[in-house]
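> Structure file entry27.txt (compact mmCIF, N, CA and C atoms) right here:
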```txt
# COMPACT_ATOMS: atom_id res chain seq x y z
N MET A 6 105.16 135.75 114.04
CA MET A 6 104.13 135.17 113.21
C MET A 6 104.52 133.76 112.77
N LYS A 7 105.79 133.57 112.44
CA LYS A 7 106.26 132.25 112.02
C LYS A 7 106.09 131.24 113.14
N LYS A 8 106.35 131.67 114.38
CA LYS A 8 106.21 130.78 115.52
C LYS A 8 104.75 130.37 115.71
N VAL A 9 103.83 131.30 115.52
CA VAL A 9 102.40 130.99 115.66
C VAL A 9 101.97 129.99 114.60
N LEU A 10 102.39 130.21 113.36
CA LEU A 10 102.05 129.29 112.28
C LEU A 10 102.65 127.91 112.51
N LEU A 11 103.87 127.86 112.99
CA LEU A 11 104.51 126.60 113.30
C LEU A 11 103.76 125.87 114.42
N PHE A 12 103.35 126.62 115.43
CA PHE A 12 102.59 126.05 116.54
C PHE A 12 101.26 125.47 116.05
N VAL A 13 100.54 126.23 115.24
CA VAL A 13 99.25 125.78 114.71
C VAL A 13 99.43 124.53 113.84
N ALA A 14 100.46 124.52 113.00
CA ALA A 14 100.73 123.36 112.15
C ALA A 14 101.07 122.14 112.99
N THR A 15 101.84 122.33 114.05
CA THR A 15 102.20 121.23 114.94
C THR A 15 100.98 120.66 115.63
N ILE A 16 100.10 121.51 116.13
CA ILE A 16 98.87 121.06 116.79
C ILE A 16 97.99 120.29 115.81
N ALA A 17 97.85 120.78 114.60
CA ALA A 17 97.05 120.10 113.58
C ALA A 17 97.63 118.72 113.26
N LEU A 18 98.94 118.64 113.15
CA LEU A 18 99.59 117.37 112.86
C LEU A 18 99.40 116.39 114.02
N LEU A 19 99.60 116.85 115.24
CA LEU A 19 99.41 115.99 116.41
C LEU A 19 97.97 115.54 116.53
N SER A 20 97.03 116.40 116.22
CA SER A 20 95.61 116.03 116.27
C SER A 20 95.31 114.92 115.29
N SER A 21 95.87 114.99 114.10
CA SER A 21 95.62 113.94 113.11
C SER A 21 96.21 112.62 113.58
N PHE A 22 97.38 112.65 114.25
CA PHE A 22 97.94 111.41 114.78
C PHE A 22 97.08 110.86 115.90
N THR A 23 96.54 111.72 116.76
CA THR A 23 95.68 111.29 117.86
C THR A 23 94.43 110.64 117.31
N MET A 24 93.81 111.24 116.30
CA MET A 24 92.61 110.68 115.72
C MET A 24 92.93 109.35 115.04
N ARG A 25 94.03 109.27 114.35
CA ARG A 25 94.39 108.05 113.64
C ARG A 25 94.68 106.94 114.64
N SER A 26 95.37 107.26 115.74
CA SER A 26 95.72 106.21 116.68
C SER A 26 94.48 105.64 117.37
N GLY A 27 93.42 106.41 117.52
CA GLY A 27 92.20 105.90 118.15
C GLY A 27 91.66 104.70 117.40
N ILE A 28 91.49 104.84 116.12
CA ILE A 28 90.94 103.73 115.33
C ILE A 28 91.94 102.59 115.21
N ASP A 29 93.21 102.92 115.13
CA ASP A 29 94.25 101.89 115.07
C ASP A 29 94.27 101.07 116.37
N ASP A 30 94.07 101.73 117.50
CA ASP A 30 94.03 101.03 118.79
C ASP A 30 92.83 100.10 118.89
N VAL A 31 91.68 100.55 118.38
CA VAL A 31 90.48 99.70 118.39
C VAL A 31 90.69 98.49 117.50
N ILE A 32 91.27 98.71 116.33
CA ILE A 32 91.55 97.59 115.42
C ILE A 32 92.49 96.59 116.09
N ALA A 33 93.52 97.07 116.76
CA ALA A 33 94.46 96.18 117.45
C ALA A 33 93.74 95.38 118.54
N ALA A 34 92.82 96.02 119.26
CA ALA A 34 92.07 95.34 120.31
C ALA A 34 91.17 94.26 119.72
N ILE A 35 90.56 94.55 118.58
CA ILE A 35 89.72 93.55 117.91
C ILE A 35 90.58 92.38 117.42
N LYS A 36 91.72 92.69 116.83
CA LYS A 36 92.63 91.64 116.36
C LYS A 36 93.02 90.69 117.49
N SER A 37 93.14 91.22 118.70
CA SER A 37 93.53 90.39 119.84
C SER A 37 92.35 89.59 120.39
N GLY A 38 91.12 89.92 119.96
CA GLY A 38 89.94 89.23 120.45
C GLY A 38 89.65 89.53 121.91
N ASN A 39 90.12 90.68 122.38
CA ASN A 39 90.00 91.07 123.78
C ASN A 39 88.82 92.02 123.95
N ALA A 40 87.66 91.48 124.35
CA ALA A 40 86.44 92.29 124.49
C ALA A 40 86.61 93.37 125.56
N ALA A 41 87.31 93.06 126.64
CA ALA A 41 87.51 94.05 127.71
C ALA A 41 88.30 95.25 127.18
N LEU A 42 89.31 94.98 126.38
CA LEU A 42 90.11 96.07 125.81
C LEU A 42 89.30 96.88 124.81
N VAL A 43 88.54 96.20 123.95
CA VAL A 43 87.69 96.91 122.99
C VAL A 43 86.70 97.81 123.73
N SER A 44 86.13 97.31 124.82
CA SER A 44 85.11 98.07 125.55
C SER A 44 85.65 99.35 126.19
N THR A 45 86.97 99.44 126.38
CA THR A 45 87.53 100.67 126.94
C THR A 45 87.37 101.84 125.98
N TYR A 46 87.09 101.55 124.70
CA TYR A 46 86.89 102.60 123.70
C TYR A 46 85.42 102.93 123.49
N PHE A 47 84.50 102.18 124.15
CA PHE A 47 83.07 102.42 123.99
C PHE A 47 82.67 103.76 124.58
N ASP A 48 81.65 104.36 123.97
CA ASP A 48 80.98 105.52 124.55
C ASP A 48 80.12 104.99 125.70
N ASN A 49 79.34 105.85 126.35
CA ASN A 49 78.47 105.39 127.43
C ASN A 49 77.53 104.29 126.94
N THR A 50 77.05 104.43 125.72
CA THR A 50 76.29 103.37 125.06
C THR A 50 76.95 103.11 123.71
N VAL A 51 76.84 101.89 123.26
CA VAL A 51 77.42 101.51 121.98
C VAL A 51 76.40 100.68 121.22
N GLU A 52 76.33 100.92 119.92
CA GLU A 52 75.45 100.14 119.07
C GLU A 52 76.26 99.00 118.46
N ILE A 53 75.80 97.77 118.71
CA ILE A 53 76.49 96.59 118.18
C ILE A 53 75.52 95.83 117.30
N THR A 54 75.98 95.52 116.09
CA THR A 54 75.19 94.72 115.17
C THR A 54 75.96 93.43 114.91
N LEU A 55 75.31 92.32 115.21
CA LEU A 55 75.89 91.00 114.97
C LEU A 55 74.97 90.22 114.05
N LEU A 56 75.44 89.97 112.84
CA LEU A 56 74.70 89.15 111.90
C LEU A 56 73.26 89.64 111.70
N GLY A 57 73.11 90.93 111.53
CA GLY A 57 71.82 91.52 111.24
C GLY A 57 70.99 91.92 112.45
N GLU A 58 71.36 91.48 113.63
CA GLU A 58 70.63 91.86 114.84
C GLU A 58 71.39 92.97 115.55
N SER A 59 70.68 94.09 115.76
CA SER A 59 71.32 95.27 116.31
C SER A 59 70.73 95.61 117.68
N GLY A 60 71.59 96.16 118.54
CA GLY A 60 71.14 96.59 119.84
C GLY A 60 72.02 97.71 120.37
N SER A 61 71.46 98.48 121.28
CA SER A 61 72.20 99.54 121.94
C SER A 61 72.50 99.07 123.36
N TYR A 62 73.77 99.09 123.73
CA TYR A 62 74.19 98.49 124.99
C TYR A 62 75.01 99.47 125.83
N SER A 63 74.95 99.28 127.13
CA SER A 63 75.85 100.01 128.02
C SER A 63 77.24 99.45 127.79
N ARG A 64 78.23 100.10 128.32
CA ARG A 64 79.61 99.66 128.16
C ARG A 64 79.78 98.22 128.63
N GLY A 65 79.27 97.89 129.80
CA GLY A 65 79.40 96.54 130.36
C GLY A 65 78.65 95.50 129.55
N GLN A 66 77.42 95.83 129.14
CA GLN A 66 76.64 94.91 128.32
C GLN A 66 77.33 94.67 126.97
N GLY A 67 77.84 95.75 126.39
CA GLY A 67 78.54 95.64 125.12
C GLY A 67 79.76 94.74 125.22
N GLU A 68 80.48 94.86 126.32
CA GLU A 68 81.65 94.00 126.53
C GLU A 68 81.22 92.54 126.58
N THR A 69 80.11 92.24 127.26
CA THR A 69 79.60 90.88 127.36
C THR A 69 79.20 90.34 125.98
N VAL A 70 78.54 91.16 125.18
CA VAL A 70 78.13 90.76 123.83
C VAL A 70 79.36 90.43 122.99
N LEU A 71 80.37 91.30 123.04
CA LEU A 71 81.60 91.05 122.27
C LEU A 71 82.35 89.82 122.79
N LYS A 72 82.41 89.67 124.11
CA LYS A 72 83.11 88.52 124.69
C LYS A 72 82.48 87.22 124.20
N ASP A 73 81.16 87.18 124.17
CA ASP A 73 80.45 86.00 123.67
C ASP A 73 80.77 85.77 122.19
N PHE A 74 80.73 86.84 121.38
CA PHE A 74 81.04 86.73 119.96
C PHE A 74 82.47 86.24 119.74
N PHE A 75 83.43 86.83 120.46
CA PHE A 75 84.83 86.45 120.31
C PHE A 75 85.09 85.02 120.78
N SER A 76 84.35 84.56 121.80
CA SER A 76 84.56 83.18 122.29
C SER A 76 84.03 82.16 121.28
N LYS A 77 83.00 82.52 120.53
CA LYS A 77 82.44 81.62 119.52
C LYS A 77 83.14 81.75 118.17
N ASN A 78 83.84 82.84 117.96
CA ASN A 78 84.51 83.14 116.70
C ASN A 78 85.94 83.56 116.98
N ILE A 79 86.84 82.60 117.13
CA ILE A 79 88.23 82.90 117.46
C ILE A 79 88.86 83.70 116.31
N ILE A 80 89.44 84.85 116.66
CA ILE A 80 89.99 85.76 115.67
C ILE A 80 91.26 85.17 115.05
N LYS A 81 91.29 85.17 113.71
CA LYS A 81 92.49 84.77 112.98
C LYS A 81 93.23 85.99 112.45
N SER A 82 92.47 86.92 111.85
CA SER A 82 93.11 88.13 111.31
C SER A 82 92.07 89.20 111.04
N PHE A 83 92.55 90.41 110.87
CA PHE A 83 91.71 91.53 110.47
C PHE A 83 92.45 92.29 109.37
N THR A 84 91.77 92.48 108.25
CA THR A 84 92.36 93.22 107.13
C THR A 84 91.56 94.49 106.92
N LEU A 85 92.23 95.62 107.01
CA LEU A 85 91.59 96.91 106.79
C LEU A 85 91.33 97.08 105.29
N ILE A 86 90.09 97.40 104.94
CA ILE A 86 89.73 97.59 103.53
C ILE A 86 89.61 99.07 103.19
N HIS A 87 88.96 99.83 104.06
CA HIS A 87 88.76 101.26 103.79
C HIS A 87 88.68 102.00 105.12
N GLN A 88 89.20 103.23 105.12
CA GLN A 88 89.21 104.05 106.32
C GLN A 88 89.02 105.50 105.91
N GLY A 89 88.28 106.26 106.72
CA GLY A 89 88.08 107.66 106.40
C GLY A 89 87.72 108.49 107.61
N GLU A 90 87.67 109.80 107.39
CA GLU A 90 87.32 110.76 108.43
C GLU A 90 86.30 111.74 107.88
N ALA A 91 85.40 112.19 108.75
CA ALA A 91 84.43 113.21 108.36
C ALA A 91 83.98 113.96 109.61
N GLY A 92 84.23 115.24 109.65
CA GLY A 92 83.75 116.08 110.75
C GLY A 92 84.16 115.64 112.14
N GLY A 93 85.39 115.21 112.31
CA GLY A 93 85.85 114.79 113.63
C GLY A 93 85.53 113.34 113.95
N SER A 94 84.85 112.66 113.05
CA SER A 94 84.53 111.24 113.24
C SER A 94 85.37 110.40 112.30
N GLN A 95 85.59 109.17 112.69
CA GLN A 95 86.33 108.23 111.87
C GLN A 95 85.49 107.00 111.63
N TYR A 96 85.74 106.33 110.54
CA TYR A 96 85.10 105.06 110.27
C TYR A 96 86.09 104.17 109.54
N CYS A 97 85.85 102.88 109.63
CA CYS A 97 86.64 101.96 108.82
C CYS A 97 85.81 100.72 108.55
N MET A 98 86.17 100.07 107.47
CA MET A 98 85.57 98.79 107.10
C MET A 98 86.71 97.81 106.90
N GLY A 99 86.50 96.61 107.37
CA GLY A 99 87.53 95.60 107.23
C GLY A 99 86.95 94.21 107.16
N LYS A 100 87.84 93.26 106.96
CA LYS A 100 87.47 91.85 106.88
C LYS A 100 88.05 91.15 108.10
N LEU A 101 87.16 90.62 108.94
CA LEU A 101 87.56 89.90 110.14
C LEU A 101 87.45 88.41 109.85
N GLU A 102 88.58 87.73 109.86
CA GLU A 102 88.58 86.29 109.64
C GLU A 102 88.62 85.60 111.00
N THR A 103 87.69 84.66 111.18
CA THR A 103 87.58 83.93 112.44
C THR A 103 87.53 82.43 112.18
N SER A 104 87.50 81.68 113.26
CA SER A 104 87.43 80.23 113.16
C SER A 104 86.10 79.77 112.55
N LYS A 105 85.07 80.62 112.59
CA LYS A 105 83.75 80.24 112.08
C LYS A 105 83.38 80.95 110.78
N GLY A 106 84.29 81.72 110.22
CA GLY A 106 83.99 82.39 108.97
C GLY A 106 84.55 83.80 108.93
N THR A 107 84.22 84.49 107.86
CA THR A 107 84.70 85.85 107.63
C THR A 107 83.55 86.83 107.80
N PHE A 108 83.81 87.93 108.49
CA PHE A 108 82.80 88.95 108.76
C PHE A 108 83.27 90.30 108.24
N ARG A 109 82.39 90.97 107.51
CA ARG A 109 82.65 92.36 107.14
C ARG A 109 82.41 93.16 108.41
N THR A 110 83.39 93.94 108.80
CA THR A 110 83.34 94.68 110.06
C THR A 110 83.40 96.17 109.79
N THR A 111 82.50 96.90 110.42
CA THR A 111 82.46 98.35 110.29
C THR A 111 82.57 98.96 111.68
N LEU A 112 83.44 99.96 111.82
CA LEU A 112 83.63 100.69 113.07
C LEU A 112 83.35 102.16 112.84
N ASN A 113 82.62 102.79 113.77
CA ASN A 113 82.38 104.23 113.73
C ASN A 113 82.82 104.82 115.06
N LEU A 114 83.73 105.79 114.98
CA LEU A 114 84.22 106.47 116.17
C LEU A 114 83.94 107.96 116.04
N LYS A 115 83.77 108.61 117.18
CA LYS A 115 83.52 110.04 117.20
C LYS A 115 84.46 110.69 118.21
N GLN A 116 84.92 111.89 117.88
CA GLN A 116 85.77 112.63 118.80
C GLN A 116 84.94 113.08 119.99
N LYS A 117 85.39 112.76 121.20
CA LYS A 117 84.72 113.16 122.43
C LYS A 117 85.81 113.61 123.40
N GLY A 118 85.87 114.91 123.60
CA GLY A 118 86.96 115.44 124.41
C GLY A 118 88.27 115.26 123.67
N ASP A 119 89.23 114.60 124.32
CA ASP A 119 90.54 114.43 123.70
C ASP A 119 90.77 113.04 123.13
N LYS A 120 89.71 112.23 123.01
CA LYS A 120 89.92 110.90 122.44
C LYS A 120 88.78 110.48 121.54
N GLN A 121 89.05 109.48 120.73
CA GLN A 121 88.06 108.90 119.84
C GLN A 121 87.29 107.82 120.61
N ILE A 122 85.97 107.86 120.51
CA ILE A 122 85.10 106.93 121.23
C ILE A 122 84.37 106.07 120.22
N LEU A 123 84.35 104.75 120.45
CA LEU A 123 83.66 103.82 119.58
C LEU A 123 82.16 103.90 119.85
N GLN A 124 81.39 104.27 118.83
CA GLN A 124 79.95 104.39 118.98
C GLN A 124 79.18 103.26 118.32
N LYS A 125 79.71 102.71 117.22
CA LYS A 125 79.04 101.63 116.50
C LYS A 125 80.06 100.61 116.05
N ILE A 126 79.68 99.36 116.16
CA ILE A 126 80.50 98.27 115.64
C ILE A 126 79.54 97.25 115.01
N LYS A 127 79.90 96.81 113.81
CA LYS A 127 79.00 95.93 113.07
C LYS A 127 79.79 94.77 112.48
N PHE A 128 79.27 93.55 112.70
CA PHE A 128 79.84 92.34 112.12
C PHE A 128 78.77 91.70 111.23
N GLU A 129 79.06 91.58 109.93
CA GLU A 129 78.10 91.02 108.99
C GLU A 129 78.76 89.92 108.17
N ASN A 130 77.97 88.92 107.78
CA ASN A 130 78.48 87.86 106.88
C ASN A 130 78.72 88.42 105.51
```
Here is a file; write its structure as structure tokens.


Amino acid sequence: MKKVLLFVATIALLSSFTMRSGIDDVIAAIKSGNAALVSTYFDNTVEITLLGESGSYSRGQGETVLKDFFSKNIIKSFTLIHQGEAGGSQYCMGKLETSKGTFRTTLNLKQKGDKQILQKIKFEN
């Protein structure tokens, strides 16, 4: 019985690290300003909001939208403000400082299979 409980506790702990690393990896990709890397975390479609204009994009289209945004707004830093989990999903809010200003950034990820998938990303003044 002790072995079963230890196994269950280990799986739960590893799952929390896996979920945490998903959002941390997306944040690292955003910090690097690498749209191609960020897009590897996209679901089949991703909702992107830039300065109040929102759209639903395929993975490739979303990468193009981010690449354009990152080329016009060179990333200086990203500061995590708040992070949480709810029902297998993760979200975070942060401050993205760029060459053209500061953007409040919100990320929403959902567990899909064995990894966290980015479903929504929002950049607001």

> May I ask which of the residues A:Ser76, A:Gln66, A:Thr111, A:Gln121 is the closest one to A:Gly93, counting all atoms listed in the file?

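Closest residue, counting all atoms listed in the file: A:Gln121.
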
> Please provide the set of residues having any atom within 6 Å of stretch 41-49 of chain A, restricted to only N, CA and C atoms, with same-chain residues fewer than 5 positions apart removed, written as a PyMOL selection string.

chain A and resi 34-35+62-64+68+121-124

> From a backbone DSSP assignment, name each residue in stretch 77-112 of chain A labelled strand (DSSP E), as a list in words.

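For stretch 77-112 of chain A, the strand (DSSP E) set is Ile80, Lys81, Ser82, Phe83, Thr84, Leu85, Ile86, His87, Gln88, Gly89, Glu90, Ala91, Ser94, Gln95, Tyr96, Cys97, Met98, Gly99, Lys100, Leu101, Glu102, Thr103, Gly106, Thr107, Phe108, Arg109, Thr110, Thr111 and Leu112 of chain A.
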
> Run DSSP on the backbone and tell me which residues of chain A come out as alpha helix (DSSP H); list them as JSON, numbers by chain.

{"A": [7, 8, 9, 10, 11, 12, 13, 14, 15, 16, 17, 18, 19, 20, 21, 22, 23, 24, 25, 26, 27, 28, 29, 30, 31, 32, 33, 34, 35, 36, 37, 40, 41, 42, 43, 44, 64, 65, 66, 67, 68, 69, 70, 71, 72, 73, 74, 75, 76, 77]}

> Give me, please, the distance in Å between atom C of A:Val70 and atom N of A:Glu90, quoted to one decimal.

26.2 Å
